[in-house]
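Okay, coords-v9.txt is below, compact mmCIF, C-alpha atoms:
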# COMPACT_ATOMS: atom_id res chain seq x y z
CA MET A 29 11.29 74.18 45.79
CA ALA A 30 14.31 74.33 43.49
CA ALA A 31 14.84 70.59 43.97
CA GLU A 32 11.18 69.99 43.11
CA VAL A 33 11.50 71.87 39.82
CA ALA A 34 14.70 70.00 38.95
CA HIS A 35 12.78 66.70 39.08
CA THR A 36 10.07 67.67 36.62
CA THR A 37 9.94 67.41 32.85
CA THR A 38 9.10 70.37 30.63
CA ALA A 39 5.51 69.07 30.65
CA GLY A 40 5.49 69.34 34.44
CA LEU A 41 5.62 65.60 35.11
CA ASP A 42 7.86 64.18 37.80
CA ILE A 43 10.78 62.54 35.98
CA ARG A 44 11.21 59.68 38.46
CA LYS A 45 7.53 58.82 38.41
CA THR A 46 7.41 59.02 34.62
CA ALA A 47 10.47 56.76 34.42
CA MET A 48 8.85 54.30 36.84
CA TRP A 49 5.69 54.08 34.70
CA ALA A 50 7.86 53.54 31.59
CA PHE A 51 9.79 50.82 33.45
CA LEU A 52 6.55 49.13 34.52
CA ALA A 53 5.30 49.22 30.93
CA SER A 54 8.47 47.42 29.82
CA GLU A 55 8.01 44.92 32.64
CA LEU A 56 4.50 44.19 31.37
CA MET A 57 6.00 43.09 28.07
CA PHE A 58 8.67 41.05 29.87
CA PHE A 59 6.06 39.11 31.84
CA GLY A 60 3.84 38.94 28.75
CA ALA A 61 6.64 37.02 27.01
CA LEU A 62 7.09 34.67 29.98
CA ILE A 63 3.35 33.97 30.26
CA SER A 64 3.13 33.31 26.51
CA THR A 65 6.07 30.91 26.77
CA PHE A 66 4.37 29.06 29.62
CA LEU A 67 1.16 28.72 27.60
CA LEU A 68 3.12 27.38 24.63
CA TYR A 69 4.85 24.72 26.70
CA ARG A 70 2.26 23.89 29.34
CA GLY A 71 1.35 20.61 27.64
CA ARG A 72 4.91 19.41 27.08
CA THR A 73 5.60 17.46 30.24
CA ASN A 74 8.02 14.81 28.89
CA GLY A 75 6.25 12.23 31.03
CA GLY A 76 6.70 14.33 34.15
CA PRO A 77 3.89 15.69 36.33
CA ASP A 78 1.50 18.23 34.81
CA ALA A 79 -0.52 21.12 36.21
CA HIS A 80 -3.50 18.91 37.15
CA GLU A 81 -1.33 16.68 39.31
CA LEU A 82 0.70 19.44 40.92
CA PHE A 83 -1.31 22.59 41.49
CA ASP A 84 -2.94 23.03 44.88
CA ILE A 85 -5.51 25.74 44.19
CA PRO A 86 -6.65 26.31 47.81
CA PHE A 87 -3.03 26.86 48.87
CA THR A 88 -2.25 29.19 45.95
CA SER A 89 -5.52 31.05 46.58
CA ILE A 90 -4.36 31.87 50.10
CA SER A 91 -0.99 33.05 48.73
CA SER A 92 -2.84 35.21 46.22
CA PHE A 93 -5.03 36.66 48.95
CA VAL A 94 -1.91 37.46 51.01
CA LEU A 95 -0.32 39.32 48.10
CA LEU A 96 -3.58 41.13 47.37
CA MET A 97 -3.78 42.30 50.98
CA SER A 98 -0.18 43.47 50.80
CA SER A 99 -1.36 45.93 48.15
CA LEU A 100 -3.87 47.23 50.71
CA THR A 101 -1.17 47.71 53.36
CA MET A 102 1.05 49.37 50.74
CA VAL A 103 -1.61 51.88 49.74
CA LEU A 104 -2.27 52.57 53.43
CA ALA A 105 1.48 53.22 53.87
CA HIS A 106 1.33 55.60 50.93
CA ASN A 107 -1.69 57.31 52.45
CA ALA A 108 0.18 57.70 55.78
CA TRP A 109 3.16 59.14 53.89
CA GLU A 110 0.91 61.72 52.27
CA ARG A 111 -0.40 62.68 55.73
CA ASN A 112 3.20 62.67 57.06
CA ASP A 113 2.20 60.13 59.72
CA GLN A 114 5.55 58.41 60.28
CA ARG A 115 4.25 55.88 62.82
CA GLN A 116 1.49 54.58 60.56
CA LEU A 117 3.85 54.68 57.60
CA ARG A 118 6.33 52.34 59.34
CA LEU A 119 3.54 50.07 60.52
CA TRP A 120 2.09 49.61 57.04
CA LEU A 121 5.51 49.34 55.35
CA LEU A 122 6.48 46.59 57.79
CA SER A 123 3.12 44.87 57.26
CA THR A 124 3.64 44.96 53.50
CA ALA A 125 7.16 43.54 53.78
CA GLY A 126 5.86 40.87 56.17
CA LEU A 127 3.05 39.84 53.81
CA GLY A 128 5.56 39.77 50.95
CA MET A 129 7.75 37.41 52.97
CA VAL A 130 4.75 35.18 53.73
CA PHE A 131 4.07 35.01 49.99
CA LEU A 132 7.71 34.14 49.29
CA GLY A 133 7.59 31.45 52.01
CA GLY A 134 4.52 30.01 50.31
CA GLN A 135 6.29 30.01 46.97
CA PHE A 136 9.34 28.31 48.46
CA PHE A 137 7.05 25.65 49.97
CA GLU A 138 5.26 25.21 46.63
CA PHE A 139 8.53 24.86 44.70
CA SER A 140 9.87 22.36 47.25
CA THR A 141 6.69 20.30 46.97
CA PHE A 142 6.81 20.33 43.17
CA VAL A 143 10.48 19.27 43.11
CA HIS A 144 9.65 16.49 45.58
CA GLU A 145 6.84 15.36 43.26
CA GLY A 146 9.22 15.20 40.30
CA LEU A 147 9.00 18.60 38.58
CA LYS A 148 12.47 20.11 38.33
CA LEU A 149 13.70 22.99 36.18
CA ASP A 150 15.00 20.56 33.55
CA THR A 151 12.26 17.93 33.77
CA SER A 152 10.21 19.32 30.90
CA PRO A 153 9.45 22.49 28.93
CA PHE A 154 6.38 22.80 31.20
CA GLY A 155 8.62 22.76 34.30
CA SER A 156 11.17 25.18 32.82
CA SER A 157 8.58 27.72 31.72
CA PHE A 158 6.63 27.42 34.99
CA TYR A 159 9.70 27.95 37.19
CA MET A 160 11.01 30.76 34.99
CA LEU A 161 7.71 32.64 35.13
CA THR A 162 6.88 32.18 38.81
CA GLY A 163 10.57 32.37 39.80
CA PHE A 164 11.01 35.74 38.10
CA HIS A 165 7.85 36.96 39.77
CA GLY A 166 9.17 35.74 43.13
CA ALA A 167 12.46 37.55 42.47
CA HIS A 168 10.49 40.74 41.89
CA VAL A 169 8.66 40.21 45.20
CA ALA A 170 12.02 39.67 46.93
CA VAL A 171 13.39 42.92 45.47
CA GLY A 172 10.22 44.66 46.66
CA VAL A 173 10.68 43.31 50.19
CA LEU A 174 14.28 44.62 50.18
CA MET A 175 13.12 48.06 49.03
CA LEU A 176 10.39 48.13 51.67
CA SER A 177 12.91 47.15 54.35
CA ALA A 178 15.22 49.93 53.16
CA MET A 179 12.29 52.37 53.40
CA VAL A 180 11.64 51.33 56.99
CA ILE A 181 15.32 51.81 57.90
CA VAL A 182 15.36 55.24 56.24
CA SER A 183 12.16 56.20 58.04
CA TYR A 184 13.76 55.40 61.42
CA ARG A 185 17.00 57.21 60.59
CA VAL A 186 15.89 60.40 58.85
CA GLY A 187 12.13 60.07 58.31
CA LEU A 188 10.24 59.70 55.03
CA THR A 189 8.70 63.09 54.48
CA LYS A 190 7.36 64.41 51.19
CA SER A 191 10.22 66.90 51.06
CA ARG A 192 12.65 63.98 50.85
CA GLY A 193 11.34 62.98 47.47
CA MET A 194 8.78 60.46 46.37
CA ASN A 195 10.58 57.21 47.11
CA VAL A 196 7.58 55.75 48.95
CA GLU A 197 5.39 56.45 45.94
CA LEU A 198 7.84 54.76 43.56
CA VAL A 199 8.21 51.69 45.79
CA ALA A 200 4.41 51.57 46.10
CA LEU A 201 4.03 51.59 42.32
CA TYR A 202 6.53 48.75 42.01
CA TRP A 203 4.78 46.73 44.72
CA HIS A 204 1.33 47.12 43.20
CA PHE A 205 2.80 46.12 39.86
CA VAL A 206 4.08 42.88 41.39
CA ASP A 207 0.54 42.32 42.65
CA ILE A 208 -1.16 42.87 39.26
CA ILE A 209 1.28 40.49 37.60
CA TRP A 210 0.33 37.85 40.15
CA ILE A 211 -3.37 38.50 39.43
CA VAL A 212 -2.66 37.54 35.81
CA ILE A 213 -0.47 34.55 36.74
CA PHE A 214 -3.03 33.24 39.24
CA THR A 215 -5.81 33.37 36.65
CA VAL A 216 -3.96 32.22 33.53
CA VAL A 217 -1.36 29.85 34.94
CA TYR A 218 -3.24 28.32 37.88
CA LEU A 219 -7.03 28.63 37.61
CA LEU A 220 -7.27 28.11 33.85
CA GLN A 221 -4.97 25.06 33.86
CA VAL A 222 -6.73 22.85 36.43
CA MET B 5 -3.39 74.74 37.12
CA ALA B 6 -2.06 77.90 35.59
CA THR B 7 1.63 77.35 36.22
CA ASP B 8 4.12 75.71 33.86
CA THR B 9 5.09 73.14 36.45
CA PRO B 10 1.98 71.56 37.95
CA ALA B 11 2.47 71.10 41.67
CA VAL B 12 3.09 67.50 42.69
CA GLU B 13 0.81 68.08 45.68
CA GLU B 14 -2.20 68.62 43.43
CA GLU B 15 -1.83 65.20 41.86
CA HIS B 16 -3.04 63.64 45.08
CA ALA B 17 -6.11 65.80 45.53
CA ASP B 18 -8.52 63.05 44.44
CA HIS B 19 -7.02 60.17 46.39
CA LEU B 20 -9.27 58.05 48.52
CA SER B 21 -9.49 57.67 52.29
CA PRO B 22 -8.19 54.60 54.21
CA ALA B 23 -11.82 53.44 54.63
CA ASN B 24 -12.22 53.49 50.83
CA TYR B 25 -9.05 51.42 50.44
CA TRP B 26 -10.34 48.81 52.91
CA GLY B 27 -13.57 48.66 50.90
CA ILE B 28 -11.66 48.14 47.66
CA ALA B 29 -9.56 45.39 49.29
CA LEU B 30 -12.75 43.70 50.49
CA PHE B 31 -14.10 43.83 46.95
CA LEU B 32 -10.85 42.33 45.59
CA GLY B 33 -10.98 39.57 48.21
CA ILE B 34 -14.58 38.73 47.29
CA VAL B 35 -13.72 38.63 43.57
CA THR B 36 -10.81 36.27 44.31
CA ALA B 37 -13.13 34.03 46.35
CA VAL B 38 -15.63 33.99 43.46
CA GLU B 39 -12.83 33.13 41.00
CA VAL B 40 -11.79 30.13 43.05
CA ALA B 41 -15.37 29.06 43.85
CA ILE B 42 -16.51 28.89 40.23
CA THR B 43 -13.71 26.45 39.39
CA TYR B 44 -15.37 23.98 41.79
CA ILE B 45 -18.92 24.30 40.43
CA PRO B 46 -19.81 21.05 38.59
CA GLY B 47 -20.77 21.70 34.99
CA TYR B 48 -19.45 25.25 35.04
CA ASP B 49 -16.60 24.70 32.60
CA GLY B 50 -15.43 25.22 29.04
CA ALA B 51 -15.78 28.61 27.42
CA LEU B 52 -18.09 29.89 30.17
CA LEU B 53 -15.51 29.21 32.88
CA VAL B 54 -12.65 30.66 30.81
CA ILE B 55 -14.56 33.86 30.01
CA SER B 56 -15.73 34.25 33.63
CA LEU B 57 -12.18 33.85 34.98
CA LEU B 58 -10.70 36.24 32.42
CA VAL B 59 -13.37 38.89 33.13
CA LEU B 60 -12.87 38.59 36.91
CA GLY B 61 -9.08 38.75 36.46
CA VAL B 62 -9.37 41.89 34.33
CA VAL B 63 -11.68 43.49 36.93
CA LYS B 64 -9.12 42.84 39.69
CA PHE B 65 -6.23 44.03 37.51
CA LEU B 66 -7.92 47.30 36.56
CA THR B 67 -9.16 47.93 40.11
CA VAL B 68 -5.63 47.71 41.51
CA VAL B 69 -4.20 49.83 38.68
CA ALA B 70 -6.88 52.53 38.94
CA PHE B 71 -7.27 52.86 42.72
CA PHE B 72 -4.17 51.41 44.42
CA MET B 73 -1.68 52.63 41.79
CA HIS B 74 -3.73 55.83 41.39
CA LEU B 75 -3.38 55.71 37.62
CA LYS B 76 -6.93 57.03 37.41
CA TYR B 77 -5.63 60.30 38.89
CA GLU B 78 -2.41 60.51 36.87
CA PRO B 79 -1.84 62.69 33.79
CA PHE B 80 -2.53 61.32 30.31
CA THR B 81 1.18 60.71 29.58
CA MET B 82 1.50 58.15 32.38
CA ASN B 83 -1.77 56.46 31.45
CA PHE B 84 -0.59 56.29 27.85
CA MET B 85 2.77 54.76 28.79
CA PHE B 86 1.23 52.07 30.97
CA TYR B 87 -1.59 51.10 28.62
CA PHE B 88 0.79 51.19 25.66
CA GLY B 89 2.95 48.66 27.52
CA LEU B 90 -0.14 46.59 28.29
CA LEU B 91 -1.22 46.62 24.65
CA GLY B 92 2.34 45.70 23.66
CA ALA B 93 2.24 42.73 26.05
CA LEU B 94 -1.13 41.60 24.64
CA ALA B 95 0.13 41.98 21.05
CA LEU B 96 3.24 39.96 21.93
CA PHE B 97 1.07 37.31 23.59
CA ILE B 98 -1.28 36.96 20.60
CA ALA B 99 1.52 37.09 18.02
CA MET B 100 3.57 34.46 19.83
CA LEU B 101 0.69 32.03 20.28
CA LEU B 102 -0.56 32.58 16.73
CA SER B 103 2.95 31.93 15.37
CA PHE B 104 2.93 28.53 17.04
CA ARG B 105 -0.76 27.96 16.20
CA ALA B 106 -1.47 27.62 19.89
CA LEU B 107 -3.75 30.56 20.68
CA PHE B 108 -6.99 28.62 20.94
CA ASP B 109 -5.43 25.46 22.39
CA ASN B 110 -4.96 27.25 25.66
CA PHE B 111 -8.49 28.41 26.31
Could you rewrite the structure in this file as C-alpha cells?
Amino acid sequence: MAAEVAHTTTAGLDIRKTAMWAFLASELMFFGALISTFLLYRGRTNGGPDAHELFDIPFTSISSFVLLMSSLTMVLAHNAWERNDQRQLRLWLLSTAGLGMVFLGGQFFEFSTFVHEGLKLDTSPFGSSFYMLTGFHGAHVAVGVLMLSAMVIVSYRVGLTKSRGMNVELVALYWHFVDIIWIVIFTVVYLLQV
Amino acid sequence: MATDTPAVEEEHADHLSPANYWGIALFLGIVTAVEVAITYIPGYDGALLVISLLVLGVVKFLTVVAFFMHLKYEPFTMNFMFYFGLLGALALFIAMLLSFRALFDNF
C-alpha cells in the first residue's frame, strides 16, 4: 500500500497515468503540426504523382480496420489484467502486437508501392510531408509493438498483476492513442484527398 | 470517496464488460465501412462529403477515447489535460493554415 501512495499526487491521481495523459496531449499537438504541414503541401507535387494517382483506399481501409480491431484486443487485454486473468491477458496482448505488425507490414507495402510509382521522400513537398506524417505514425506503432512484446515477456517471467503497477494500463493508453491518430489520418489524409 | 488518496481500484468501477467492448468495436467497424462507402457514391461529394467524413471521424475518435481509453471514467484533471491538448492541436492547425491562406483550400 505504501508503494501505491508513493505513486499518487496530492490530489490523489496516479502520477504515471497523469504523466501519460500529459504526454498524449503533447503528442496530439505534434501530430496536429504534421497533419497541418501535409495539408499545406498536399498540392505541391513537383510533377510527381499525387494522392489521386497513388492512394489505394480499399487497401488502406483494411489497414485501418486492422488497427481499429487492435484497439479492441488491447482493451480486452486491459480487461483481463483487471480481472487478473494472465492467460487471457497474454492472448490479447499477443493479438494486439500481431495486429500492429500486420498494420506495419501494410504500411511497408504501401511505401514500397509509392516509391516504385515515383514518390520518394525528396520528390516533392507532398511526398516529404506524407512520408513524415505516416512514417512518424508508423514509428509510434512500432514502439507500441515493442512495448506490447515486453509486456508479454514480463507476464511470462513474473506475471502482470495489479500489484506490480499499472504498466498495462499505460501501454493501453499509448496504443489507443496511436489508433485515434490513425482515425484522423485516415479521414483527413486519405479519404478527403481522393 | 472520503479518503485523501482515492483508491486506484475505484477508478475502474464503471468499466464495461468484454461483450460491451465487442459491441463498440462492431460499431466502429460499421462507421469505418460507411466512411469508405460514401466516398464511392456518385454525386455525394463537395461540402456534403467533407462534413459527413469529418463527423464520422469525430464519432470514431471520441468513441475510442471515451470507451477504450476510459477517459469518460477518469477524473476531471485527466480529461482537462487531454482536451486541452486536443484544442491546442486544433488551434495550431487553424492558425497554420490561416497563416498560409490555405484553410479552405483543403476542404
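The list of residues with at least one atom within 6 Å of range 71-81 of chain B, based on only C-alpha atoms and without residues fewer than 3 positions apart in the same chain, reads Val103 and Leu201 of chain A; Thr67, Val68 and Phe84 of chain B.
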For the contact check between chain A and chain B, emit one row per residue of chain A within 7 Å, containing the shortest atom pair and the distance in Å rounded to one decimal, counting only C-alpha atoms, chain then rising number order, as a tab-separated table.
residue	atom	partner	partner_atom	distance
A:Gly40	CA	B:Thr9	CA	4.3
A:Thr46	CA	B:Met82	CA	6.4
A:Trp49	CA	B:Phe86	CA	6.2
A:Ala50	CA	B:Met85	CA	5.9
A:Ala53	CA	B:Gly89	CA	4.2
A:Ser54	CA	B:Gly89	CA	6.1
A:Leu56	CA	B:Ala93	CA	6.0
A:Met57	CA	B:Ala93	CA	4.3
A:Gly60	CA	B:Ala93	CA	4.9
A:Ala61	CA	B:Phe97	CA	6.5
A:Ser64	CA	B:Phe97	CA	5.4
A:Leu67	CA	B:Asn110	CA	6.6
A:Leu68	CA	B:Ala106	CA	6.6
A:Phe93	CA	B:Gly33	CA	6.7
A:Met97	CA	B:Ala29	CA	6.8
A:Leu100	CA	B:Ala29	CA	6.1
A:Val103	CA	B:Phe72	CA	5.9
A:Leu104	CA	B:Pro22	CA	6.3
A:Leu201	CA	B:Met73	CA	5.8
A:His204	CA	B:Met73	CA	6.4
A:Ile208	CA	B:Phe65	CA	5.5
A:Ile211	CA	B:Gly61	CA	6.4
A:Val212	CA	B:Gly61	CA	6.6
A:Thr215	CA	B:Gly61	CA	6.3
A:Leu220	CA	B:Val54	CA	6.7
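Using all atoms listed in the file, the nearest neighbour of Val143 in chain A within the list A:Asp84, A:Met179, A:Pro77, A:His168 is A:Pro77.
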In Å and to one decimal, CA of Ser56 in chain B is distant from CA of Phe214 in chain A by 13.9 Å
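Comparing A:His106, A:Ala178, A:Val217, A:Gly128 by their smallest distance to Thr88 in chain A, the closest is A:Val217 (using all atoms listed in the file).
Here CA of Val169 in chain A stands at a distance of 23.3 Å from CA of Gln221 in chain A.
The list of residues with at least one atom within 10 Å of Asn195 in chain A, based on only C-alpha atoms and without residues fewer than 3 positions apart in the same chain, reads A:Arg44, A:Lys45, A:Met175, A:Met179, A:Leu188, A:Thr189, A:Lys190, A:Arg192, A:Leu198, A:Val199, A:Ala200, A:Leu201.
Relative to CA of Asn107 in chain A, CA of Gln135 in chain A is found at 29.0 Å.
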One residue among A:Ala108, A:Ala47, A:Val196, A:Leu132 is nearest to Ser92 in chain A when using all atoms listed in the file, and that residue is A:Leu132
Would you pick out the contacts of Phe66 in chain A at 8 Å or less, using all atoms listed in the file, so that residues sharing its chain but fewer than 4 positions from it are not included, and give the list as a list in words? Leu62, Arg70, Phe154, Ser157, Phe158, Leu161 and Val217 of chain A
